[in-house]
Amino acid sequence: MLQRGMTKTCKHVAIIGGGPTGLMAAEVLAQAGAGVTIFEAMPTLGRKFLLAGRGGLNLTHSEELDAFTLRYGAAAPDIAPLLTAFPPAALRQWAQQLGEPTFVGSSGRVFPKNFKTSPLLRAWLRRLAALGVETRLRHRFTGFGENDVLRFETPAGLLEHKADAAIFALGGASWPRLGSNGRWISALEGKGVSIAPLRPANCGFETRWSRHFVDKFAGAPLKSIALTFGGNTLRGEAVITEKGIEGGAVYALSRALREAIAAQAHALLEIDLRPDVSLEALTRRLSAPREKKSLSNFLRKSAGLPVIAIALLREAGPIPEDVSALAARIKCVPLRLDAARPLERAISTAGGVRFDALDGNLMARTIPGVFFAGEMLDWEAPTGGYLLQACFSSGVVAARGALAWLKR
Ligand SMILES: Cc1cc2nc3c(=O)[nH]c(=O)nc-3n(C[C@H](O)[C@H](O)[C@H](O)COP(=O)(O)OP(=O)(O)OC[C@H]3O[C@@H](n4cnc5c(N)ncnc54)[C@H](O)[C@@H]3O)c2cc1C
């Protein structure tokens, strides 16, 4: 069914969700001459994409494609063809063509030169408008009607829309106030699309701090530490929160921590407070006479521990008197984690539309002509540009798939 007032001059594709995935799909389709309408629940497009740029927009990563692909863990075989279809180099070229050249940071991460999303998004939306892409804001997809018609809640009431093909790019369910809330699950399951439960990814974890510790250190960073879990050690930074711990190094281990907690109801994270000093060197330093220094002062001066690290040491139990045991504790403070923080506070979402519900073009096996892309698919990856890259690449593949479907 066509909406009233819409004339059918070419094949028409509905894109549902106006984040980076949906916008990329729209561009590929419009460039190939398809009519495109983006239906977006929020009053503006790309809200999470804009937020991603707040701390420096990490568009992708510079590592070799083989290593890059492994970042997607169990989903690597499904993500590999998407990355091949639209690799990191193509993404960088695309940004350059939008007037936003990129550079590789010291960590190998790729950023636009000015670090921000807003100029890139503005240029992109201008390009999409010039290509004739239409946008319907405040249109929230609520489910399918008869003959797979798409149903939307709009300020003017319920709207039904039939397109020649549809691409869903609804995101995950973290930061729901930015638009993606995961409330599409039952509508898709009702159509036979299999969905893995949504779970927090790149998330913080909960632990039981003492009141005194939280009052003094919530919000404070634990710098230059190393975290170990499941045989993986990562150097970096973490942040103490009211409920537990979060930050880059924690996010990087979050998949393994989350799975361990799901299996055993807790996970034991090990924190090395002085990763740059060996156990032997630390033991030597702690063997120096303490003289009249308080224990805190002694630890600060001889082991180079900041106040927050000493407090964390105390949180883990009585500080050992024996020098070797003390050095070993500083190199390995155990922290029991009891739960992942809720999905709405996570950076990204694990779970979503399962790849085996889709064909190689990301079209649903049970609803021909309906494609899925972006964070709503069942994959997860660490931060570092891997999230947006998979979104852009899957948007391109779904759009090319829709074009092939329209030509069939
Ligand atoms: C704080 C933060 C920082 C981040 N930084 C980075 C980074 O630097 N690098 C990186 O790679 N990744 C980063 N990410 C992750 C990245 O932003 C997301 O992976 C990416 O935005 C997902 O794109 P998407 O288009 O699939 O989904 P989204 O960006 O979530 O877009 C989905 C769109 O669909 C709309 N929508 C949802 N439901 C409906 C509905 N029922 N009807 C109509 N429309 C609907 C939403 O309003 C939204 O506009 C960050 C995330 C956060 C939270």
# chains A, B, ... in the order shown; residues from 1 in each chain; ligands from 1
>>> residues_around(residues="Ala89 of chain A", least_positions_apart="3", cutoff="12 Å", atoms="only C-alpha atoms", output="short mmCIF file (atom, residue, chain, number, x, y, z; two decimals) with N, CA and C atoms, in the first residue's frame")
data_model
loop_
_atom_site.label_atom_id
_atom_site.label_comp_id
_atom_site.auth_asym_id
_atom_site.auth_seq_id
_atom_site.Cartn_x
_atom_site.Cartn_y
_atom_site.Cartn_z
N LEU A 59 35.69 6.14 14.47
CA LEU A 59 34.92 5.60 13.34
C LEU A 59 35.24 4.14 13.04
N THR A 60 36.53 3.80 13.09
CA THR A 60 36.92 2.43 12.79
C THR A 60 38.32 2.21 13.36
N HIS A 61 38.98 1.12 12.96
CA HIS A 61 40.32 0.83 13.49
C HIS A 61 41.23 0.51 12.31
N SER A 62 42.54 0.72 12.51
CA SER A 62 43.48 0.58 11.38
C SER A 62 44.08 -0.81 11.28
N GLU A 63 43.75 -1.74 12.20
CA GLU A 63 44.45 -3.03 12.15
C GLU A 63 44.04 -3.85 10.92
N GLU A 64 44.87 -4.82 10.60
CA GLU A 64 44.65 -5.69 9.43
C GLU A 64 43.28 -6.35 9.53
N LEU A 65 42.69 -6.62 8.36
CA LEU A 65 41.31 -7.12 8.35
C LEU A 65 41.15 -8.45 9.11
N LEU A 83 32.49 -7.03 6.35
CA LEU A 83 33.69 -6.18 6.35
C LEU A 83 34.38 -6.22 4.99
N THR A 84 34.31 -7.37 4.34
CA THR A 84 34.93 -7.46 3.00
C THR A 84 34.15 -6.58 2.02
N ALA A 85 32.83 -6.56 2.17
CA ALA A 85 31.99 -5.78 1.25
C ALA A 85 32.23 -4.28 1.42
N PHE A 86 32.47 -3.84 2.65
CA PHE A 86 32.70 -2.42 2.91
C PHE A 86 33.73 -2.33 4.04
N ARG A 92 36.88 5.04 5.55
CA ARG A 92 37.72 6.24 5.67
C ARG A 92 37.60 7.10 4.42
N GLN A 93 37.54 6.44 3.27
CA GLN A 93 37.42 7.18 2.01
C GLN A 93 36.06 7.89 1.94
N TRP A 94 35.04 7.21 2.43
CA TRP A 94 33.70 7.79 2.44
C TRP A 94 33.68 9.06 3.31
N ALA A 95 34.31 8.98 4.49
CA ALA A 95 34.34 10.16 5.38
C ALA A 95 35.11 11.29 4.70
N GLN A 96 36.20 10.95 4.04
CA GLN A 96 37.01 11.96 3.34
C GLN A 96 36.16 12.66 2.28
N PRO A 101 38.24 14.22 6.55
CA PRO A 101 39.34 13.24 6.49
C PRO A 101 39.62 12.65 7.87
N THR A 102 40.18 11.45 7.88
CA THR A 102 40.41 10.75 9.14
C THR A 102 41.92 10.61 9.40
N PHE A 103 42.26 10.26 10.62
CA PHE A 103 43.66 9.96 10.94
C PHE A 103 43.70 8.78 11.91
N VAL A 104 44.88 8.13 11.97
CA VAL A 104 45.05 6.99 12.87
C VAL A 104 45.72 7.48 14.15
N VAL A 110 40.81 4.93 14.50
CA VAL A 110 40.66 5.93 13.43
C VAL A 110 39.60 6.96 13.83
N GLN A 389 32.02 0.37 12.58
CA GLN A 389 32.41 -0.26 11.32
C GLN A 389 31.41 -1.36 10.93
N SER A 393 29.14 -1.32 7.60
CA SER A 393 29.32 -2.41 6.62
C SER A 393 28.01 -3.18 6.43
#
>>> residues_near_ligand(ligand="ligand 1", cutoff="7 Å", atoms="only C-alpha atoms and all ligand atoms", output="PyMOL selection string")
chain A and resi 16-22+39-42+45-49+51-53+56-60+139-142+169-172+174-175+178-184+346-348+373-376+383-389+391
>>> atom_distance(atom1="atom CA of Leu121 of chain A", atom2="atom CA of Pro87 of chain A")
20.0 Å
>>> select_by_dssp(residues="segment 84-134 of chain A", states="alpha helix (DSSP H)", output="list in words")
Thr84, Ala85, Pro88, Ala89, Ala90, Leu91, Arg92, Gln93, Trp94, Ala95, Gln96, Gln97, Ser118, Pro119, Leu120, Leu121, Arg122, Ala123, Trp124, Leu125, Arg126, Arg127, Leu128, Ala129 and Ala130 of chain A
>>> write_last_selection(atoms="N, CA and C atoms", output="PDB file, in the first residue's frame")
ATOM      1  N   THR A  84      34.314  -7.368   4.337  1.00  0.00           N
ATOM      2  CA  THR A  84      34.926  -7.461   3.004  1.00  0.00           C
ATOM      3  C   THR A  84      34.149  -6.582   2.020  1.00  0.00           C
ATOM      4  N   ALA A  85      32.828  -6.561   2.168  1.00  0.00           N
ATOM      5  CA  ALA A  85      31.994  -5.778   1.247  1.00  0.00           C
ATOM      6  C   ALA A  85      32.231  -4.278   1.422  1.00  0.00           C
ATOM      7  N   PRO A  88      37.229  -1.142   6.353  1.00  0.00           N
ATOM      8  CA  PRO A  88      37.607   0.103   7.018  1.00  0.00           C
ATOM      9  C   PRO A  88      38.170   1.152   6.054  1.00  0.00           C
ATOM     10  N   ALA A  89      38.967   0.717   5.055  1.00  0.00           N
ATOM     11  CA  ALA A  89      39.548   1.695   4.117  1.00  0.00           C
ATOM     12  C   ALA A  89      38.434   2.411   3.343  1.00  0.00           C
ATOM     13  N   ALA A  90      37.374   1.667   2.984  1.00  0.00           N
ATOM     14  CA  ALA A  90      36.259   2.286   2.246  1.00  0.00           C
ATOM     15  C   ALA A  90      35.523   3.278   3.139  1.00  0.00           C
ATOM     16  N   LEU A  91      35.429   2.949   4.418  1.00  0.00           N
ATOM     17  CA  LEU A  91      34.758   3.864   5.353  1.00  0.00           C
ATOM     18  C   LEU A  91      35.557   5.170   5.485  1.00  0.00           C
ATOM     19  N   ARG A  92      36.879   5.036   5.547  1.00  0.00           N
ATOM     20  CA  ARG A  92      37.718   6.236   5.674  1.00  0.00           C
ATOM     21  C   ARG A  92      37.604   7.104   4.420  1.00  0.00           C
ATOM     22  N   GLN A  93      37.539   6.436   3.267  1.00  0.00           N
ATOM     23  CA  GLN A  93      37.415   7.178   2.008  1.00  0.00           C
ATOM     24  C   GLN A  93      36.065   7.892   1.945  1.00  0.00           C
ATOM     25  N   TRP A  94      35.045   7.212   2.426  1.00  0.00           N
ATOM     26  CA  TRP A  94      33.695   7.789   2.442  1.00  0.00           C
ATOM     27  C   TRP A  94      33.681   9.063   3.307  1.00  0.00           C
ATOM     28  N   ALA A  95      34.309   8.980   4.487  1.00  0.00           N
ATOM     29  CA  ALA A  95      34.343  10.156   5.377  1.00  0.00           C
ATOM     30  C   ALA A  95      35.106  11.292   4.704  1.00  0.00           C
ATOM     31  N   GLN A  96      36.201  10.953   4.043  1.00  0.00           N
ATOM     32  CA  GLN A  96      37.007  11.965   3.342  1.00  0.00           C
ATOM     33  C   GLN A  96      36.159  12.662   2.282  1.00  0.00           C
ATOM     34  N   GLN A  97      35.363  11.857   1.545  1.00  0.00           N
ATOM     35  CA  GLN A  97      34.529  12.449   0.491  1.00  0.00           C
ATOM     36  C   GLN A  97      33.444  13.354   1.055  1.00  0.00           C
ATOM     37  N   SER A 118      29.248  15.903  14.607  1.00  0.00           N
ATOM     38  CA  SER A 118      28.261  16.834  14.052  1.00  0.00           C
ATOM     39  C   SER A 118      28.597  17.350  12.649  1.00  0.00           C
ATOM     40  N   PRO A 119      29.845  17.751  12.334  1.00  0.00           N
ATOM     41  CA  PRO A 119      30.069  18.231  10.954  1.00  0.00           C
ATOM     42  C   PRO A 119      29.884  17.112   9.927  1.00  0.00           C
ATOM     43  N   LEU A 120      30.299  15.905  10.297  1.00  0.00           N
ATOM     44  CA  LEU A 120      30.158  14.766   9.374  1.00  0.00           C
ATOM     45  C   LEU A 120      28.672  14.461   9.151  1.00  0.00           C
ATOM     46  N   LEU A 121      27.913  14.455  10.244  1.00  0.00           N
ATOM     47  CA  LEU A 121      26.478  14.142  10.125  1.00  0.00           C
ATOM     48  C   LEU A 121      25.763  15.224   9.301  1.00  0.00           C
ATOM     49  N   ARG A 122      26.120  16.480   9.545  1.00  0.00           N
ATOM     50  CA  ARG A 122      25.478  17.574   8.779  1.00  0.00           C
ATOM     51  C   ARG A 122      25.736  17.405   7.282  1.00  0.00           C
ATOM     52  N   ALA A 123      27.010  17.147   6.926  1.00  0.00           N
ATOM     53  CA  ALA A 123      27.364  16.985   5.506  1.00  0.00           C
ATOM     54  C   ALA A 123      26.638  15.770   4.922  1.00  0.00           C
ATOM     55  N   TRP A 124      26.539  14.723   5.723  1.00  0.00           N
ATOM     56  CA  TRP A 124      25.895  13.483   5.269  1.00  0.00           C
ATOM     57  C   TRP A 124      24.401  13.723   4.992  1.00  0.00           C
ATOM     58  N   LEU A 125      23.744  14.407   5.916  1.00  0.00           N
ATOM     59  CA  LEU A 125      22.300  14.648   5.743  1.00  0.00           C
ATOM     60  C   LEU A 125      22.048  15.550   4.531  1.00  0.00           C
ATOM     61  N   ARG A 126      22.960  16.491   4.287  1.00  0.00           N
ATOM     62  CA  ARG A 126      22.820  17.328   3.078  1.00  0.00           C
ATOM     63  C   ARG A 126      22.925  16.450   1.827  1.00  0.00           C
ATOM     64  N   ARG A 127      23.890  15.523   1.855  1.00  0.00           N
ATOM     65  CA  ARG A 127      24.074  14.638   0.697  1.00  0.00           C
ATOM     66  C   ARG A 127      22.823  13.768   0.486  1.00  0.00           C
ATOM     67  N   LEU A 128      22.275  13.247   1.576  1.00  0.00           N
ATOM     68  CA  LEU A 128      21.093  12.383   1.457  1.00  0.00           C
ATOM     69  C   LEU A 128      19.897  13.170   0.916  1.00  0.00           C
ATOM     70  N   ALA A 129      19.751  14.409   1.389  1.00  0.00           N
ATOM     71  CA  ALA A 129      18.629  15.236   0.902  1.00  0.00           C
ATOM     72  C   ALA A 129      18.799  15.494  -0.594  1.00  0.00           C
ATOM     73  N   ALA A 130      20.054  15.765  -1.019  1.00  0.00           N
ATOM     74  CA  ALA A 130      20.307  16.025  -2.445  1.00  0.00           C
ATOM     75  C   ALA A 130      20.016  14.779  -3.289  1.00  0.00           C
TER      76      ALA A 130
END
>>> residues_around(residues="Arg354 of chain A", least_positions_apart="2", cutoff="7 Å", atoms="only C-alpha atoms", output="ChimeraX atom specification")
/A:194-196,352,356-357,377-378
>>> write_last_selection(atoms="N, CA and C atoms", output="CSV table (one decimal), in the first residue's frame")
chain,number,residue,atom,x,y,z
A,194,SER,N,14.2,-15.2,14.4
A,194,SER,CA,14.8,-15.6,15.7
A,194,SER,C,15.7,-14.6,16.2
A,195,ILE,N,15.5,-14.3,17.5
A,195,ILE,CA,16.3,-13.2,18.2
A,195,ILE,C,17.0,-13.7,19.4
A,196,ALA,N,18.3,-13.5,19.5
A,196,ALA,CA,19.1,-13.8,20.7
A,196,ALA,C,18.8,-12.7,21.8
A,352,GLY,N,20.4,-10.0,19.5
A,352,GLY,CA,19.6,-9.4,18.5
A,352,GLY,C,19.2,-10.4,17.4
A,356,ASP,N,21.4,-16.7,11.6
A,356,ASP,CA,20.8,-17.9,10.8
A,356,ASP,C,19.4,-17.6,10.5
A,357,ALA,N,18.8,-16.5,10.9
A,357,ALA,CA,17.5,-16.1,10.5
A,357,ALA,C,17.5,-15.3,9.2
A,377,LEU,N,21.6,-6.6,15.0
A,377,LEU,CA,22.0,-7.9,14.7
A,377,LEU,C,22.7,-8.6,15.9
A,378,ASP,N,22.8,-9.9,15.9
A,378,ASP,CA,23.4,-10.6,17.0
A,378,ASP,C,24.9,-10.7,16.9
>>> residues_around(residues="Ala316 of chain A", least_positions_apart="4", cutoff="8 Å", atoms="only C-alpha atoms", output="NGL selection string")
:A and (312 or 333-335)
>>> write_last_selection(atoms="N, CA and C atoms", output="compact mmCIF listing (two decimals), in the first residue's frame")
# COMPACT_ATOMS: atom_id res chain seq x y z
N LEU A 312 41.55 0.81 47.79
CA LEU A 312 41.05 -0.40 47.12
C LEU A 312 41.70 -1.65 47.73
N VAL A 333 44.85 -7.63 43.19
CA VAL A 333 43.75 -7.36 44.13
C VAL A 333 42.51 -8.05 43.59
N PRO A 334 41.92 -8.99 44.33
CA PRO A 334 40.72 -9.66 43.80
C PRO A 334 39.48 -8.79 44.01
N LEU A 335 38.66 -8.69 42.97
CA LEU A 335 37.42 -7.93 43.10
C LEU A 335 36.28 -8.81 42.62
>>> residues_around(residues="segment 161-165 of chain A", least_positions_apart="4", cutoff="10 Å", atoms="only C-alpha atoms", output="compact mmCIF listing (two decimals) with N, CA and C atoms, in the first residue's frame")
# COMPACT_ATOMS: atom_id res chain seq x y z
N MET A 1 0.84 -1.21 0.00
CA MET A 1 0.00 0.00 0.00
C MET A 1 0.87 1.25 0.00
N LEU A 2 0.58 2.21 -0.88
CA LEU A 2 1.33 3.46 -0.88
C LEU A 2 0.66 4.45 0.05
N GLN A 3 1.49 5.31 0.66
CA GLN A 3 0.88 6.36 1.47
C GLN A 3 0.18 7.34 0.55
N ARG A 4 -0.86 7.99 1.07
CA ARG A 4 -1.55 8.98 0.28
C ARG A 4 -0.55 10.08 -0.13
N CYS A 10 9.58 4.93 -8.98
CA CYS A 10 10.64 3.94 -8.98
C CYS A 10 10.36 3.00 -7.82
N LYS A 11 11.19 1.94 -7.69
CA LYS A 11 11.01 1.04 -6.55
C LYS A 11 11.29 1.81 -5.28
N HIS A 12 10.52 1.49 -4.26
CA HIS A 12 10.62 2.28 -3.05
C HIS A 12 11.00 1.42 -1.84
N VAL A 13 12.02 1.88 -1.11
CA VAL A 13 12.49 1.13 0.05
C VAL A 13 12.24 1.94 1.32
N ALA A 14 11.69 1.30 2.32
CA ALA A 14 11.51 1.95 3.63
C ALA A 14 12.70 1.55 4.51
N ILE A 15 13.33 2.56 5.10
CA ILE A 15 14.39 2.28 6.07
C ILE A 15 13.82 2.64 7.43
N GLY A 35 13.86 4.85 -4.66
CA GLY A 35 13.20 5.82 -3.80
C GLY A 35 13.37 5.37 -2.36
N VAL A 36 13.74 6.29 -1.47
CA VAL A 36 14.04 5.89 -0.09
C VAL A 36 13.30 6.80 0.89
N THR A 37 12.64 6.20 1.86
CA THR A 37 12.08 6.98 2.97
C THR A 37 12.62 6.40 4.27
N PHE A 144 3.80 -5.28 12.31
CA PHE A 144 3.35 -5.53 10.94
C PHE A 144 1.83 -5.67 10.92
N GLY A 145 1.20 -5.15 9.87
CA GLY A 145 -0.23 -5.36 9.67
C GLY A 145 -0.42 -6.48 8.64
N ASN A 147 -0.61 -8.44 5.21
CA ASN A 147 0.29 -8.44 4.05
C ASN A 147 1.62 -7.75 4.34
N ASP A 148 2.08 -7.91 5.57
CA ASP A 148 3.38 -7.36 5.99
C ASP A 148 3.48 -5.84 5.86
N VAL A 149 2.35 -5.18 5.88
CA VAL A 149 2.38 -3.72 5.87
C VAL A 149 3.07 -3.24 7.15
N LEU A 150 3.86 -2.15 7.05
CA LEU A 150 4.58 -1.63 8.22
C LEU A 150 3.67 -0.67 8.97
N ARG A 151 3.64 -0.81 10.29
CA ARG A 151 2.76 0.07 11.08
C ARG A 151 3.61 1.01 11.92
N PHE A 152 3.23 2.28 11.91
CA PHE A 152 3.96 3.30 12.68
C PHE A 152 3.00 4.09 13.56
N MET A 363 18.75 -10.58 4.43
CA MET A 363 17.28 -10.61 4.29
C MET A 363 16.71 -11.72 5.16
N PRO A 368 10.37 -12.30 3.11
CA PRO A 368 11.12 -11.86 1.93
C PRO A 368 10.97 -10.36 1.71
N GLY A 369 12.08 -9.73 1.32
CA GLY A 369 12.06 -8.28 1.07
C GLY A 369 12.32 -7.45 2.31
N VAL A 370 12.50 -8.12 3.46
CA VAL A 370 12.76 -7.38 4.71
C VAL A 370 14.18 -7.71 5.19
N PHE A 371 15.00 -6.67 5.36
CA PHE A 371 16.42 -6.82 5.67
C PHE A 371 16.71 -6.23 7.06
N ALA A 399 21.61 -2.85 2.00
CA ALA A 399 21.12 -2.01 0.90
C ALA A 399 21.39 -2.68 -0.44
N GLY A 401 21.68 -5.80 -0.90
CA GLY A 401 20.76 -6.95 -0.93
C GLY A 401 19.37 -6.51 -1.36
N ALA A 402 18.93 -5.36 -0.84
CA ALA A 402 17.60 -4.85 -1.21
C ALA A 402 17.56 -4.51 -2.69
N LEU A 403 18.66 -3.93 -3.21
CA LEU A 403 18.69 -3.60 -4.64
C LEU A 403 18.58 -4.86 -5.49
N TRP A 405 17.20 -7.62 -4.59
CA TRP A 405 15.83 -8.13 -4.41
C TRP A 405 14.86 -7.37 -5.33
N LEU A 406 15.03 -6.05 -5.43
CA LEU A 406 14.13 -5.25 -6.26
C LEU A 406 14.27 -5.59 -7.74
>>> select_by_dssp(residues="segment 86-201 of chain A", states="strand (DSSP E)", output="ChimeraX atom specification")
/A:102-104,109-112,134-136,140-144,150-154,157-161,165-168,195-201
>>> write_last_selection(atoms="C-alpha atoms", output="short mmCIF file (atom, residue, chain, number, x, y, z; two decimals), in the first residue's frame")
data_model
loop_
_atom_site.label_atom_id
_atom_site.label_comp_id
_atom_site.auth_asym_id
_atom_site.auth_seq_id
_atom_site.Cartn_x
_atom_site.Cartn_y
_atom_site.Cartn_z
CA THR A 102 40.41 10.75 9.14
CA PHE A 103 43.66 9.96 10.94
CA VAL A 104 45.05 6.99 12.87
CA ARG A 109 41.98 3.81 16.30
CA VAL A 110 40.66 5.93 13.43
CA PHE A 111 39.06 9.33 14.09
CA PRO A 112 37.86 12.20 11.91
CA GLU A 134 12.79 11.47 2.35
CA THR A 135 12.64 11.47 6.13
CA ARG A 136 9.65 10.90 8.38
CA ARG A 140 7.88 4.75 15.58
CA PHE A 141 7.55 1.28 14.04
CA THR A 142 5.14 -0.78 16.13
CA GLY A 143 4.69 -3.97 14.10
CA PHE A 144 3.35 -5.53 10.94
CA LEU A 150 4.58 -1.63 8.22
CA ARG A 151 2.76 0.07 11.08
CA PHE A 152 3.96 3.30 12.68
CA GLU A 153 2.83 5.39 15.60
CA THR A 154 3.01 9.04 14.49
CA GLY A 157 -2.02 8.67 14.67
CA LEU A 158 -1.41 5.22 13.26
CA LEU A 159 0.16 5.04 9.80
CA GLU A 160 0.34 1.96 7.58
CA HIS A 161 2.97 1.84 4.89
CA ALA A 165 11.47 -3.63 0.39
CA ALA A 166 12.28 -2.62 3.96
CA ILE A 167 15.54 -2.36 5.91
CA PHE A 168 15.35 -2.41 9.69
CA ILE A 195 16.28 -13.24 18.16
CA ALA A 196 19.05 -13.82 20.71
CA PRO A 197 18.26 -12.13 24.06
CA LEU A 198 19.59 -8.56 24.27
CA ARG A 199 22.39 -8.19 26.84
CA PRO A 200 24.70 -5.39 27.93
CA ALA A 201 28.06 -5.18 26.11
#
>>> closest_residue(among="A:Ala156, A:Ala74, A:Ile261, A:Leu82", to="Ala390 of chain A", atoms="only C-alpha atoms")
A:Leu82
>>> residues_around(residues="Pro275 of chain A", least_positions_apart="6", cutoff="10 Å", atoms="only C-alpha atoms", output="list of chain:residue names")
A:Ser224, A:Ile225, A:Ala226, A:Leu227, A:Leu234, A:Arg235, A:Gly236, A:Ile330, A:Lys331, A:Cys332
>>> closest_residue(among="A:Leu343, A:Leu358, A:Ala327, A:Ala262", to="Ala281 of chain A", atoms="only C-alpha atoms")
A:Ala327
